[in-house]
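Next comes query-v3.cif, a file with mmCIF, C-alpha atoms.
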```cif
data_data
#
loop_
_atom_site.label_atom_id
_atom_site.label_comp_id
_atom_site.auth_asym_id
_atom_site.auth_seq_id
_atom_site.Cartn_x
_atom_site.Cartn_y
_atom_site.Cartn_z
CA MET B 1 -191.75 97.86 -163.90
CA PRO B 2 -193.59 98.09 -160.55
CA LYS B 3 -197.10 99.50 -160.50
CA SER B 4 -197.23 103.29 -160.12
CA LEU B 5 -200.07 105.77 -159.74
CA ILE B 6 -199.54 108.49 -162.31
CA SER B 7 -202.91 109.05 -163.89
CA ILE B 8 -206.37 107.88 -162.88
CA HIS B 9 -206.56 106.08 -166.28
CA ASP B 10 -203.86 103.68 -165.08
CA PHE B 11 -206.39 102.04 -162.77
CA SER B 12 -209.27 99.81 -163.79
CA LYS B 13 -212.67 100.02 -162.14
CA GLU B 14 -211.79 96.92 -160.05
CA GLU B 15 -208.50 98.39 -158.89
CA ILE B 16 -210.16 101.68 -157.96
CA LEU B 17 -212.75 99.83 -155.86
CA HIS B 18 -210.02 97.69 -154.30
CA ILE B 19 -208.08 100.78 -153.18
CA LEU B 20 -211.26 102.30 -151.75
CA ASP B 21 -211.81 99.09 -149.78
CA ILE B 22 -208.27 99.23 -148.38
CA ALA B 23 -208.89 102.90 -147.50
CA SER B 24 -211.95 102.02 -145.42
CA GLU B 25 -209.87 99.44 -143.54
CA MET B 26 -207.35 102.20 -142.88
CA GLU B 27 -210.07 104.49 -141.58
CA LYS B 28 -211.14 101.83 -139.08
CA ASN B 29 -207.57 101.26 -137.93
CA LYS B 30 -205.67 104.52 -138.33
CA SER B 31 -202.24 103.26 -137.28
CA GLN B 32 -200.95 100.03 -138.75
CA LYS B 33 -197.24 99.33 -138.79
CA ILE B 34 -197.46 97.25 -141.98
CA LEU B 35 -194.64 99.22 -143.66
CA ASP B 36 -192.20 99.08 -140.77
CA GLY B 37 -188.67 99.39 -142.14
CA LYS B 38 -189.71 101.00 -145.43
CA VAL B 39 -188.51 104.45 -146.48
CA VAL B 40 -190.65 106.69 -148.67
CA ALA B 41 -189.42 109.86 -150.42
CA CYS B 42 -191.71 112.89 -150.69
CA LEU B 43 -190.18 115.08 -153.38
CA PHE B 44 -192.02 118.37 -153.75
CA PHE B 45 -190.49 120.28 -156.65
CA GLU B 46 -193.29 122.78 -156.11
CA PRO B 47 -194.66 123.59 -152.65
CA SER B 48 -198.02 122.14 -151.60
CA THR B 49 -198.23 121.97 -147.84
CA ARG B 50 -201.65 120.34 -147.67
CA THR B 51 -200.89 117.47 -150.04
CA ARG B 52 -197.42 116.91 -148.60
CA LEU B 53 -198.62 116.72 -145.01
CA SER B 54 -201.39 114.35 -146.00
CA PHE B 55 -198.96 111.98 -147.76
CA GLU B 56 -196.31 112.22 -145.05
CA THR B 57 -198.83 111.53 -142.30
CA ALA B 58 -200.19 108.60 -144.29
CA ALA B 59 -196.70 107.08 -144.64
CA ASN B 60 -195.96 107.66 -140.95
CA ARG B 61 -199.20 106.04 -139.84
CA LEU B 62 -198.18 102.91 -141.76
CA GLY B 63 -194.86 102.81 -139.95
CA ALA B 64 -192.74 103.93 -142.92
CA ARG B 65 -190.11 106.62 -142.59
CA VAL B 66 -190.20 109.68 -144.81
CA ILE B 67 -187.37 111.66 -146.40
CA GLY B 68 -187.60 114.43 -148.98
CA PHE B 69 -187.87 118.14 -149.60
CA SER B 70 -190.77 120.56 -149.64
CA ASP B 71 -189.38 122.95 -152.23
CA VAL B 72 -186.34 123.00 -154.48
CA GLY B 73 -184.59 125.98 -152.86
CA ASN B 74 -182.02 124.02 -150.84
CA THR B 75 -181.47 121.13 -153.24
CA SER B 76 -179.07 120.32 -156.07
CA ILE B 77 -181.83 121.22 -158.51
CA SER B 78 -181.05 124.87 -157.78
CA LYS B 79 -177.46 124.03 -158.81
CA GLY B 80 -178.76 122.82 -162.16
CA GLU B 81 -179.11 119.09 -161.58
CA SER B 82 -181.43 117.47 -164.11
CA PHE B 83 -184.73 115.98 -163.02
CA LYS B 84 -183.58 112.55 -164.18
CA ASP B 85 -180.45 112.65 -161.99
CA THR B 86 -182.42 113.75 -158.93
CA ILE B 87 -184.85 110.84 -159.33
CA LYS B 88 -182.06 108.33 -160.00
CA MET B 89 -180.12 109.48 -156.96
CA VAL B 90 -183.11 109.36 -154.59
CA SER B 91 -184.28 106.01 -156.00
CA ASN B 92 -181.10 104.41 -154.65
CA TYR B 93 -182.15 105.25 -151.12
CA VAL B 94 -185.88 104.57 -150.84
CA ASP B 95 -188.69 102.09 -151.56
CA MET B 96 -191.16 104.52 -153.15
CA ILE B 97 -191.21 108.08 -154.50
CA ILE B 98 -194.16 110.42 -153.99
CA MET B 99 -193.63 113.52 -156.09
CA ARG B 100 -195.17 116.81 -157.08
CA HIS B 101 -193.79 118.82 -159.97
CA PRO B 102 -194.89 122.01 -161.77
CA LEU B 103 -194.27 120.44 -165.21
CA GLU B 104 -196.82 118.14 -166.81
CA GLY B 105 -195.69 114.60 -167.44
CA ALA B 106 -192.87 114.73 -164.87
CA ALA B 107 -194.21 111.81 -162.83
CA ARG B 108 -194.67 109.63 -165.93
CA TYR B 109 -191.10 110.35 -166.91
CA ALA B 110 -189.92 109.40 -163.40
CA THR B 111 -191.35 105.90 -163.90
CA GLU B 112 -189.05 105.53 -166.92
CA VAL B 113 -185.82 106.47 -165.17
CA CYS B 114 -186.11 104.30 -162.05
CA ASP B 115 -187.58 100.97 -160.95
CA LEU B 116 -189.61 102.15 -157.97
CA PRO B 117 -193.33 102.71 -157.61
CA ILE B 118 -194.04 106.42 -158.20
CA VAL B 119 -197.05 108.27 -156.84
CA ASN B 120 -197.98 111.41 -158.72
CA ALA B 121 -198.98 114.03 -156.15
CA GLY B 122 -199.74 116.53 -158.92
CA ASP B 123 -197.96 117.38 -162.17
CA GLY B 124 -198.88 120.93 -163.14
CA ALA B 125 -202.43 121.14 -164.46
CA ASN B 126 -202.35 117.51 -165.61
CA GLN B 127 -203.14 114.81 -163.01
CA HIS B 128 -203.56 114.48 -159.27
CA PRO B 129 -204.94 110.96 -158.96
CA SER B 130 -204.95 110.68 -155.14
CA GLN B 131 -207.37 113.63 -155.11
CA THR B 132 -209.65 111.75 -157.50
CA LEU B 133 -209.52 108.59 -155.40
CA LEU B 134 -210.34 110.50 -152.23
CA ASP B 135 -213.26 112.17 -154.02
CA LEU B 136 -214.56 108.73 -155.03
CA TYR B 137 -214.04 107.42 -151.51
CA THR B 138 -216.01 110.34 -150.08
CA ILE B 139 -218.84 109.98 -152.57
CA ARG B 140 -219.15 106.29 -151.74
CA GLN B 141 -218.96 107.00 -148.00
CA THR B 142 -221.76 109.58 -148.09
CA GLN B 143 -224.06 107.82 -150.56
CA GLY B 144 -223.34 104.17 -149.83
CA SER B 145 -222.46 103.52 -153.48
CA LEU B 146 -220.87 105.08 -156.53
CA GLN B 147 -223.58 103.89 -158.92
CA ASN B 148 -226.14 106.20 -160.56
CA MET B 149 -225.16 109.41 -158.77
CA THR B 150 -226.20 112.85 -160.00
CA ILE B 151 -223.19 115.09 -159.59
CA ASN B 152 -223.32 118.86 -159.96
CA MET B 153 -219.86 120.26 -160.68
CA VAL B 154 -219.51 123.98 -160.05
CA GLY B 155 -216.92 126.61 -160.86
CA ASP B 156 -213.84 126.26 -162.98
CA LEU B 157 -214.64 123.35 -165.26
CA LYS B 158 -212.21 124.52 -167.92
CA TYR B 159 -208.90 124.43 -166.05
CA GLY B 160 -209.92 122.37 -163.01
CA ARG B 161 -207.99 119.12 -163.23
CA THR B 162 -209.89 117.62 -160.26
CA VAL B 163 -213.10 118.02 -162.25
CA HIS B 164 -211.68 116.38 -165.37
CA SER B 165 -210.18 113.42 -163.51
CA LEU B 166 -213.28 112.90 -161.39
CA LEU B 167 -215.64 112.83 -164.33
CA GLN B 168 -213.42 110.30 -166.11
CA ALA B 169 -213.21 108.10 -163.03
CA MET B 170 -216.97 108.38 -162.35
CA SER B 171 -217.68 107.27 -165.92
CA HIS B 172 -217.28 103.67 -164.67
CA PHE B 173 -220.38 104.06 -162.49
CA GLU B 174 -223.21 105.34 -164.73
CA PRO B 175 -223.49 108.87 -163.32
CA LYS B 176 -225.45 111.89 -164.46
CA PHE B 177 -223.66 115.24 -164.53
CA ILE B 178 -224.70 118.85 -164.19
CA PHE B 179 -222.00 121.33 -165.15
CA THR B 180 -222.42 124.75 -163.58
CA ALA B 181 -219.90 127.22 -164.97
CA PRO B 182 -219.70 130.71 -166.40
CA TYR B 183 -219.34 130.83 -170.15
CA GLU B 184 -215.56 131.43 -169.92
CA LEU B 185 -214.96 128.35 -167.77
CA GLN B 186 -217.15 125.72 -169.40
CA LEU B 187 -216.09 122.11 -169.72
CA PRO B 188 -213.73 121.68 -172.71
CA SER B 189 -215.21 119.94 -175.73
CA GLU B 190 -212.89 116.91 -175.47
CA TYR B 191 -214.55 115.96 -172.16
CA GLN B 192 -218.02 116.54 -173.58
CA THR B 193 -217.10 114.19 -176.44
CA PHE B 194 -215.78 111.67 -173.91
CA LEU B 195 -219.11 111.68 -172.03
CA THR B 196 -221.18 111.44 -175.19
CA GLU B 197 -219.13 108.46 -176.39
CA LYS B 198 -219.68 106.75 -173.03
CA GLY B 199 -223.43 107.45 -173.22
CA ILE B 200 -223.38 109.58 -170.08
CA GLU B 201 -226.11 112.20 -169.70
CA TYR B 202 -225.11 115.76 -168.83
CA THR B 203 -226.69 119.20 -168.58
CA GLU B 204 -224.94 122.57 -168.64
CA THR B 205 -226.04 125.71 -166.84
CA GLN B 206 -224.64 129.05 -165.76
CA SER B 207 -226.94 129.30 -162.74
CA LEU B 208 -225.85 127.86 -159.40
CA THR B 209 -229.40 127.53 -158.07
CA GLU B 210 -231.03 125.99 -161.15
CA TYR B 211 -230.10 122.35 -160.45
CA LEU B 212 -229.16 122.60 -156.77
CA ASP B 213 -232.18 120.61 -155.62
CA VAL B 214 -231.75 117.60 -157.89
CA CYS B 215 -228.19 116.45 -157.20
CA ASP B 216 -226.65 113.94 -154.77
CA ILE B 217 -223.21 115.53 -154.79
CA LEU B 218 -222.43 119.22 -155.17
CA TYR B 219 -218.78 119.39 -156.18
CA MET B 220 -217.60 122.97 -155.69
CA THR B 221 -214.25 124.19 -157.03
CA ARG B 222 -212.14 127.27 -156.60
CA VAL B 223 -211.32 129.42 -159.59
CA GLN B 224 -207.52 129.13 -159.53
CA GLN B 225 -205.78 132.36 -160.33
CA GLU B 226 -202.55 130.58 -161.27
CA ARG B 227 -204.23 128.80 -164.21
CA PHE B 228 -205.13 132.06 -165.96
CA ASN B 229 -202.83 133.71 -168.47
CA ASP B 230 -205.02 136.79 -168.62
CA PRO B 231 -205.66 138.64 -165.30
CA MET B 232 -208.74 140.34 -166.79
CA GLU B 233 -210.34 136.98 -167.46
CA TYR B 234 -209.69 135.96 -163.85
CA GLU B 235 -211.20 139.16 -162.39
CA LYS B 236 -214.35 138.61 -164.45
CA VAL B 237 -215.07 135.14 -163.08
CA LYS B 238 -213.38 134.84 -159.70
CA ASP B 239 -216.45 135.45 -157.53
CA VAL B 240 -219.11 134.21 -159.87
CA TYR B 241 -220.58 131.53 -157.54
CA ARG B 242 -221.05 131.94 -153.80
CA LEU B 243 -222.97 129.19 -152.07
CA ASN B 244 -224.70 130.09 -148.78
CA ALA B 245 -226.89 128.22 -146.30
CA LYS B 246 -230.12 129.88 -147.48
CA MET B 247 -229.76 128.31 -150.93
CA LEU B 248 -229.87 124.85 -149.36
CA THR B 249 -233.46 124.80 -148.05
CA ASN B 250 -234.86 122.48 -150.72
CA VAL B 251 -231.93 120.22 -151.52
CA ARG B 252 -232.06 116.42 -151.33
CA LYS B 253 -231.62 115.11 -147.79
CA ASN B 254 -228.70 112.90 -148.85
CA MET B 255 -226.95 115.74 -150.71
CA LYS B 256 -223.35 116.44 -149.69
CA ILE B 257 -221.10 119.33 -150.63
CA LEU B 258 -217.52 118.46 -151.57
CA HIS B 259 -214.63 120.79 -152.32
CA PRO B 260 -210.97 119.93 -152.98
CA LEU B 261 -209.97 122.90 -150.75
CA PRO B 262 -208.67 125.49 -150.15
CA ARG B 263 -211.87 127.45 -150.57
CA ILE B 264 -211.93 131.21 -150.96
CA ASN B 265 -215.36 132.80 -151.35
CA GLU B 266 -217.29 130.09 -153.16
CA ILE B 267 -218.71 128.54 -149.98
CA ALA B 268 -219.91 130.94 -147.26
CA LEU B 269 -218.97 130.08 -143.68
CA ASP B 270 -222.61 129.51 -142.69
CA VAL B 271 -222.67 126.43 -144.94
CA ASP B 272 -220.13 124.74 -142.64
CA ASP B 273 -222.81 124.25 -139.97
CA THR B 274 -225.36 122.60 -142.27
CA PRO B 275 -225.62 118.80 -142.46
CA TYR B 276 -224.63 119.06 -146.15
CA ALA B 277 -221.08 120.30 -145.61
CA TYR B 278 -218.63 117.43 -146.02
CA TYR B 279 -215.45 119.05 -147.32
CA PHE B 280 -213.46 118.85 -144.08
CA LYS B 281 -214.26 115.16 -143.69
CA GLN B 282 -213.30 114.80 -147.37
CA ALA B 283 -209.86 116.24 -146.60
CA GLU B 284 -209.48 113.82 -143.68
CA ASN B 285 -210.42 110.97 -146.02
CA GLY B 286 -207.48 112.00 -148.17
CA MET B 287 -205.16 110.60 -145.53
CA TYR B 288 -206.86 107.17 -145.49
CA VAL B 289 -206.87 106.99 -149.27
CA ARG B 290 -203.19 107.94 -149.40
CA MET B 291 -202.44 105.26 -146.79
CA ALA B 292 -204.23 102.80 -149.08
CA ILE B 293 -202.32 103.96 -152.17
CA ILE B 294 -198.93 103.71 -150.48
CA ALA B 295 -199.71 100.31 -148.95
CA TYR B 296 -201.16 98.92 -152.19
CA LEU B 297 -198.23 100.01 -154.35
CA LEU B 298 -195.81 98.50 -151.84
CA GLY B 299 -197.49 95.14 -152.15
CA TYR B 300 -200.16 95.19 -149.45
CA ASN B 301 -203.43 93.61 -150.58
CA MET Z 1 -193.81 120.13 -223.93
CA THR Z 2 -192.82 116.68 -222.65
CA LYS Z 3 -189.20 117.81 -222.75
CA ASP Z 4 -189.98 120.66 -220.30
CA LYS Z 5 -191.62 118.24 -217.90
CA THR Z 6 -188.61 116.00 -217.62
CA LEU Z 7 -186.41 118.97 -216.85
CA ILE Z 8 -188.34 120.10 -213.79
CA VAL Z 9 -187.10 117.41 -211.43
CA ASN Z 10 -184.13 115.23 -212.28
CA ALA Z 11 -184.30 111.46 -212.00
CA ILE Z 12 -182.12 109.80 -209.37
CA GLU Z 13 -180.09 106.65 -209.80
CA ASN Z 14 -180.66 105.14 -206.37
CA GLY Z 15 -182.75 106.34 -203.46
CA THR Z 16 -186.28 107.23 -202.45
CA VAL Z 17 -188.88 109.41 -204.15
CA LEU Z 18 -191.74 110.76 -202.07
CA ASP Z 19 -194.52 111.83 -204.39
CA HIS Z 20 -198.02 113.29 -204.04
CA ILE Z 21 -197.30 115.34 -200.95
CA PRO Z 22 -199.76 118.23 -200.56
CA SER Z 23 -197.73 121.38 -201.33
CA GLU Z 24 -198.67 123.07 -198.05
CA TYR Z 25 -197.21 120.18 -196.04
CA LEU Z 26 -194.09 119.65 -198.12
CA PHE Z 27 -191.78 121.32 -195.64
CA LYS Z 28 -193.45 119.59 -192.69
CA VAL Z 29 -192.40 116.34 -194.36
CA VAL Z 30 -188.88 117.73 -194.67
CA ASP Z 31 -188.98 118.45 -190.92
CA ILE Z 32 -190.46 115.09 -189.96
CA LEU Z 33 -187.76 113.19 -191.83
CA ASN Z 34 -185.16 115.60 -190.53
CA LEU Z 35 -183.82 116.10 -194.06
CA ALA Z 36 -182.24 119.44 -193.22
CA SER Z 37 -179.41 117.65 -191.44
CA THR Z 38 -178.59 114.92 -193.97
CA SER Z 39 -175.71 115.12 -196.42
CA ASN Z 40 -177.49 113.17 -199.21
CA GLN Z 41 -178.38 114.87 -202.46
CA ILE Z 42 -181.96 116.04 -202.17
CA THR Z 43 -184.24 117.56 -204.78
CA ILE Z 44 -187.40 119.22 -203.54
CA GLY Z 45 -190.15 120.32 -205.90
CA SER Z 46 -193.09 122.37 -204.72
CA ASN Z 47 -196.34 123.50 -206.35
CA LEU Z 48 -195.94 121.06 -209.23
CA VAL Z 49 -198.93 120.27 -211.38
CA SER Z 50 -200.65 116.99 -210.62
CA LYS Z 51 -203.56 115.53 -212.60
CA SER Z 52 -205.27 113.97 -209.62
CA PHE Z 53 -204.07 116.35 -206.96
CA GLY Z 54 -204.06 119.90 -208.30
CA SER Z 55 -200.82 120.99 -206.72
CA LYS Z 56 -198.29 118.66 -205.21
CA GLY Z 57 -194.84 118.45 -203.78
CA ILE Z 58 -192.15 115.89 -204.45
CA ILE Z 59 -188.94 114.98 -202.64
CA LYS Z 60 -186.16 112.91 -204.12
CA ILE Z 61 -183.43 111.69 -201.81
CA ALA Z 62 -180.42 109.99 -203.38
CA ASP Z 63 -178.89 106.92 -201.75
CA ARG Z 64 -181.23 106.85 -198.80
CA TYR Z 65 -183.88 104.29 -197.85
CA PHE Z 66 -186.24 104.65 -194.92
CA GLU Z 67 -187.55 102.26 -192.29
CA ASP Z 68 -191.33 101.82 -192.29
CA GLN Z 69 -191.49 103.41 -188.87
CA GLU Z 70 -189.75 106.56 -190.10
CA ILE Z 71 -191.69 106.86 -193.30
CA ASN Z 72 -195.08 106.19 -191.71
CA CYS Z 73 -194.75 109.40 -189.74
CA ILE Z 74 -195.24 111.42 -192.91
CA ALA Z 75 -198.75 109.94 -193.08
CA LEU Z 76 -199.56 112.42 -190.30
CA VAL Z 77 -199.53 115.25 -192.85
CA ALA Z 78 -199.54 113.47 -196.20
CA PRO Z 79 -201.61 110.28 -195.91
CA ASN Z 80 -201.83 109.92 -199.71
CA ALA Z 81 -198.14 110.26 -200.38
CA THR Z 82 -196.54 107.52 -202.45
CA ILE Z 83 -193.10 106.16 -201.70
CA ASN Z 84 -191.06 104.92 -204.63
CA ILE Z 85 -187.87 102.97 -204.05
CA ILE Z 86 -185.42 103.57 -206.89
CA LYS Z 87 -182.54 101.35 -207.98
CA ASP Z 88 -180.69 101.93 -211.29
CA TYR Z 89 -183.21 104.61 -212.30
CA GLN Z 90 -186.05 102.06 -211.99
CA VAL Z 91 -188.89 102.02 -209.53
CA ILE Z 92 -188.39 98.63 -207.90
CA GLU Z 93 -190.97 99.04 -205.17
CA LYS Z 94 -193.95 101.26 -204.44
CA ARG Z 95 -194.73 101.48 -200.77
CA LYS Z 96 -197.96 102.54 -199.15
CA ILE Z 97 -197.86 104.37 -195.88
CA SER Z 98 -200.24 104.08 -192.97
CA ILE Z 99 -200.78 106.28 -189.96
CA PRO Z 100 -198.56 104.95 -187.18
CA GLU Z 101 -200.04 104.17 -183.77
CA GLU Z 102 -197.15 105.79 -182.00
CA VAL Z 103 -194.89 108.65 -183.03
CA VAL Z 104 -191.51 108.77 -181.33
CA ALA Z 105 -188.97 111.58 -181.41
CA VAL Z 106 -190.53 113.32 -184.41
CA ALA Z 107 -192.42 116.32 -183.11
CA LYS Z 108 -192.30 118.66 -180.16
CA CYS Z 109 -195.21 118.72 -177.75
CA ALA Z 110 -197.21 121.92 -178.21
CA ASN Z 111 -197.81 122.25 -174.47
CA PRO Z 112 -195.20 124.70 -173.15
CA LEU Z 113 -195.52 123.18 -169.66
CA CYS Z 114 -194.84 119.64 -170.84
CA ILE Z 115 -191.74 118.12 -169.23
CA THR Z 116 -190.39 117.17 -172.68
CA ASN Z 117 -189.96 120.87 -173.47
CA HIS Z 118 -187.78 121.41 -170.38
CA GLN Z 119 -185.65 118.28 -169.98
CA VAL Z 120 -183.76 116.19 -172.52
CA ILE Z 121 -186.47 113.61 -173.20
CA SER Z 122 -187.47 111.97 -176.45
CA THR Z 123 -191.12 112.83 -177.19
CA ARG Z 124 -193.74 110.09 -177.55
CA PHE Z 125 -197.26 110.49 -178.89
CA LYS Z 126 -200.19 108.21 -179.56
CA THR Z 127 -202.08 109.08 -182.72
CA ILE Z 128 -205.82 109.64 -182.51
CA VAL Z 129 -207.91 109.79 -185.67
CA ASP Z 130 -211.19 111.63 -185.18
CA ASN Z 131 -213.40 112.59 -188.15
CA ASP Z 132 -210.46 112.33 -190.57
CA LYS Z 133 -208.44 114.69 -188.41
CA ILE Z 134 -205.31 113.37 -186.77
CA TYR Z 135 -204.27 114.38 -183.27
CA LEU Z 136 -201.22 113.49 -181.25
CA LEU Z 137 -201.74 112.57 -177.59
CA CYS Z 138 -198.60 113.23 -175.56
CA HIS Z 139 -197.48 110.19 -173.54
CA TYR Z 140 -196.18 112.51 -170.80
CA CYS Z 141 -198.47 115.51 -170.30
CA GLU Z 142 -201.58 113.77 -171.76
CA LYS Z 143 -202.45 116.82 -173.87
CA THR Z 144 -203.38 116.57 -177.53
CA THR Z 145 -201.54 118.47 -180.23
CA LYS Z 146 -203.14 119.24 -183.57
CA ILE Z 147 -201.08 118.12 -186.51
CA LEU Z 148 -200.97 121.68 -187.81
CA ASN Z 149 -199.07 122.66 -184.66
CA LEU Z 150 -196.43 120.05 -185.29
CA GLN Z 151 -193.08 121.61 -184.51
CA PRO Z 152 -189.83 119.94 -185.51
CA LEU Z 153 -187.41 118.85 -182.82
CA ASN Z 154 -184.37 121.07 -182.51
#
```

Could you render the structure from this file as structure tokens?
Amino acid sequence: MPKSLISIHDFSKEEILHILDIASEMEKNKSQKILDGKVVACLFFEPSTRTRLSFETAANRLGARVIGFSDVGNTSISKGESFKDTIKMVSNYVDMIIMRHPLEGAARYATEVCDLPIVNAGDGANQHPSQTLLDLYTIRQTQGSLQNMTINMVGDLKYGRTVHSLLQAMSHFEPKFIFTAPYELQLPSEYQTFLTEKGIEYTETQSLTEYLDVCDILYMTRVQQERFNDPMEYEKVKDVYRLNAKMLTNVRKNMKILHPLPRINEIALDVDDTPYAYYFKQAENGMYVRMAIIAYLLGYN
Amino acid sequence: MTKDKTLIVNAIENGTVLDHIPSEYLFKVVDILNLASTSNQITIGSNLVSKSFGSKGIIKIADRYFEDQEINCIALVAPNATINIIKDYQVIEKRKISIPEEVVAVAKCANPLCITNHQVISTRFKTIVDNDKIYLLCHYCEKTTKILNLQPLN
């Protein structure tokens, strides 16, 4: 079976660093026709314009052609075709499948029904490994290293898959964590156990300002309405943290603010003009990292 | 008194006897082995008195022998169960069970958004033992299911 990227656990520390190295090559040379003649499918069983455009641009910049769909409305899936048949059919045409699906485990299952490399571009609330790799790339770019960082994660630590994947991936690099979340959205106990077993130090707080001045990375997240079953619970916590420029007067000089985007109210617009804002560059980095992922899985070293 | 005891559950000539199943998990074992859909003669005893156990369940299945892989799955709910292989009314083998590393096509994933609950896919779990509690980690959605939430496949 060819190598796929389904979950961040599928990659060792060495492989992660290798992909980040390829990504920095891509950033230096943004158009390389190394995949000329290849065809890549982008199958979005659930719409996600941002992620899809990032992947499609990445494939195009490598010289590959892209086919696919951006939602299931006009496909055979709306006629009742099974997921397996859709993947099997498309796999006859292309060299790689990049897919997003609302159901968890869909991408893993795709690796079992065809012989192509699969890239998971998000499976429900489960995994979105290219996001994790671009977060790592951005942390390394801003700090010069991934080792011994103090990372303050803010917002929805309960449902936020980016948070869970990032803390697992960072566990290779001896980090310290600060978890800033309202009581309702605290980090689930399985991840606390994971950190304890790995000997990784962490502190929890409900106050955004308490540990703002002692971190290297401030990782802000949006409270995602779609992850809540109970609308009352969402209303209670949706605007709990709002970062503004005034709060940043005493932060570390090297501190950078990351956010998987889109943001709503959690970062005020005046933060954009501070030297700490890095979330737009982070989104740009996503393209280089996705170029690296596509190239690596298609045999480029 | 001894006469009464022998009457509770009949002996079988050939087959498998699963003994020392905790009463509360007896029907989970029935589900795990998918006994509801077999045509063999089956005797199920629940809330029987056991010297070492308090209350136990027992299942006798005539003319049926299990693969280790099948039978090990009952260790998920009844790790102390004993498996007796019967031929000509005699116990010819006592088998111990151990918790399997992987559980295939036995239980449903408890995550309603897992792909296995929406497409025709055989479920696969890794078992995780943590402080004497057993959890199942879904191969697909990567969520853990507590053993108590084990739901039989349809």

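Distances from Z:Ile59, Z:Leu33, Z:Leu137, Z:Ile74 to Ala11 in chain Z were compared using all atoms listed in the file, and the smallest one belongs to Z:Ile59.
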
Can you measure CA of Ser12 in chain B to CA of Leu146 in chain B for me? One decimal in Å is fine. 14.7 Å

Find the residues near range 71-83 of chain B: any atom within 9 Å, counting only C-alpha atoms, skip ones fewer than 3 places away on the same chain, and give them as a ChimeraX atom specification. /B:43-48,86-88,106,110 /Z:119-120

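When all atoms listed in the file are used to measure the gap to Ala110 in chain Z, the shortest distance among Z:Asp130, Z:Thr144, Z:Ile92, Z:Arg124 belongs to Z:Thr144.
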
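Of the listed residues (B:Leu218, B:Val66, B:Ala125, B:Ile97), B:Leu218 comes nearest to Gly155 in chain B; the distances count all atoms listed in the file.
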
Report the residues retrieved by the PyMOL selection byres ((chain Z) within 6 of (chain B)) from the displayed file, expressed as number ranges by chain. Z: 113-115, 140-141

Report as a ChimeraX atom specification the full result of the PyMOL selection byres ((chain B and resi 40) around 12) when it is applied to this structure. /B:35-39,41-43,55-60,62-69,90-99,116-119,294-295,297-298

Just to be explicit: take each residue in the selection above, keep C-alpha atoms, and write the result as a PDB file, in the frame of the given file.
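Result went into result-v5.pdb, see below:
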```pdb
ATOM      1  CA  LEU B  35    -194.640  99.220-143.660  1.00  0.00           C
ATOM      2  CA  ASP B  36    -192.200  99.080-140.770  1.00  0.00           C
ATOM      3  CA  GLY B  37    -188.670  99.390-142.140  1.00  0.00           C
ATOM      4  CA  LYS B  38    -189.710 101.000-145.430  1.00  0.00           C
ATOM      5  CA  VAL B  39    -188.510 104.450-146.480  1.00  0.00           C
ATOM      6  CA  ALA B  41    -189.420 109.860-150.420  1.00  0.00           C
ATOM      7  CA  CYS B  42    -191.710 112.890-150.690  1.00  0.00           C
ATOM      8  CA  LEU B  43    -190.180 115.080-153.380  1.00  0.00           C
ATOM      9  CA  PHE B  55    -198.960 111.980-147.760  1.00  0.00           C
ATOM     10  CA  GLU B  56    -196.310 112.220-145.050  1.00  0.00           C
ATOM     11  CA  THR B  57    -198.830 111.530-142.300  1.00  0.00           C
ATOM     12  CA  ALA B  58    -200.190 108.600-144.290  1.00  0.00           C
ATOM     13  CA  ALA B  59    -196.700 107.080-144.640  1.00  0.00           C
ATOM     14  CA  ASN B  60    -195.960 107.660-140.950  1.00  0.00           C
ATOM     15  CA  LEU B  62    -198.180 102.910-141.760  1.00  0.00           C
ATOM     16  CA  GLY B  63    -194.860 102.810-139.950  1.00  0.00           C
ATOM     17  CA  ALA B  64    -192.740 103.930-142.920  1.00  0.00           C
ATOM     18  CA  ARG B  65    -190.110 106.620-142.590  1.00  0.00           C
ATOM     19  CA  VAL B  66    -190.200 109.680-144.810  1.00  0.00           C
ATOM     20  CA  ILE B  67    -187.370 111.660-146.400  1.00  0.00           C
ATOM     21  CA  GLY B  68    -187.600 114.430-148.980  1.00  0.00           C
ATOM     22  CA  PHE B  69    -187.870 118.140-149.600  1.00  0.00           C
ATOM     23  CA  VAL B  90    -183.110 109.360-154.590  1.00  0.00           C
ATOM     24  CA  SER B  91    -184.280 106.010-156.000  1.00  0.00           C
ATOM     25  CA  ASN B  92    -181.100 104.410-154.650  1.00  0.00           C
ATOM     26  CA  TYR B  93    -182.150 105.250-151.120  1.00  0.00           C
ATOM     27  CA  VAL B  94    -185.880 104.570-150.840  1.00  0.00           C
ATOM     28  CA  ASP B  95    -188.690 102.090-151.560  1.00  0.00           C
ATOM     29  CA  MET B  96    -191.160 104.520-153.150  1.00  0.00           C
ATOM     30  CA  ILE B  97    -191.210 108.080-154.500  1.00  0.00           C
ATOM     31  CA  ILE B  98    -194.160 110.420-153.990  1.00  0.00           C
ATOM     32  CA  MET B  99    -193.630 113.520-156.090  1.00  0.00           C
ATOM     33  CA  LEU B 116    -189.610 102.150-157.970  1.00  0.00           C
ATOM     34  CA  PRO B 117    -193.330 102.710-157.610  1.00  0.00           C
ATOM     35  CA  ILE B 118    -194.040 106.420-158.200  1.00  0.00           C
ATOM     36  CA  VAL B 119    -197.050 108.270-156.840  1.00  0.00           C
ATOM     37  CA  ILE B 294    -198.930 103.710-150.480  1.00  0.00           C
ATOM     38  CA  ALA B 295    -199.710 100.310-148.950  1.00  0.00           C
ATOM     39  CA  LEU B 297    -198.230 100.010-154.350  1.00  0.00           C
ATOM     40  CA  LEU B 298    -195.810  98.500-151.840  1.00  0.00           C
TER      41      LEU B 298
END
```
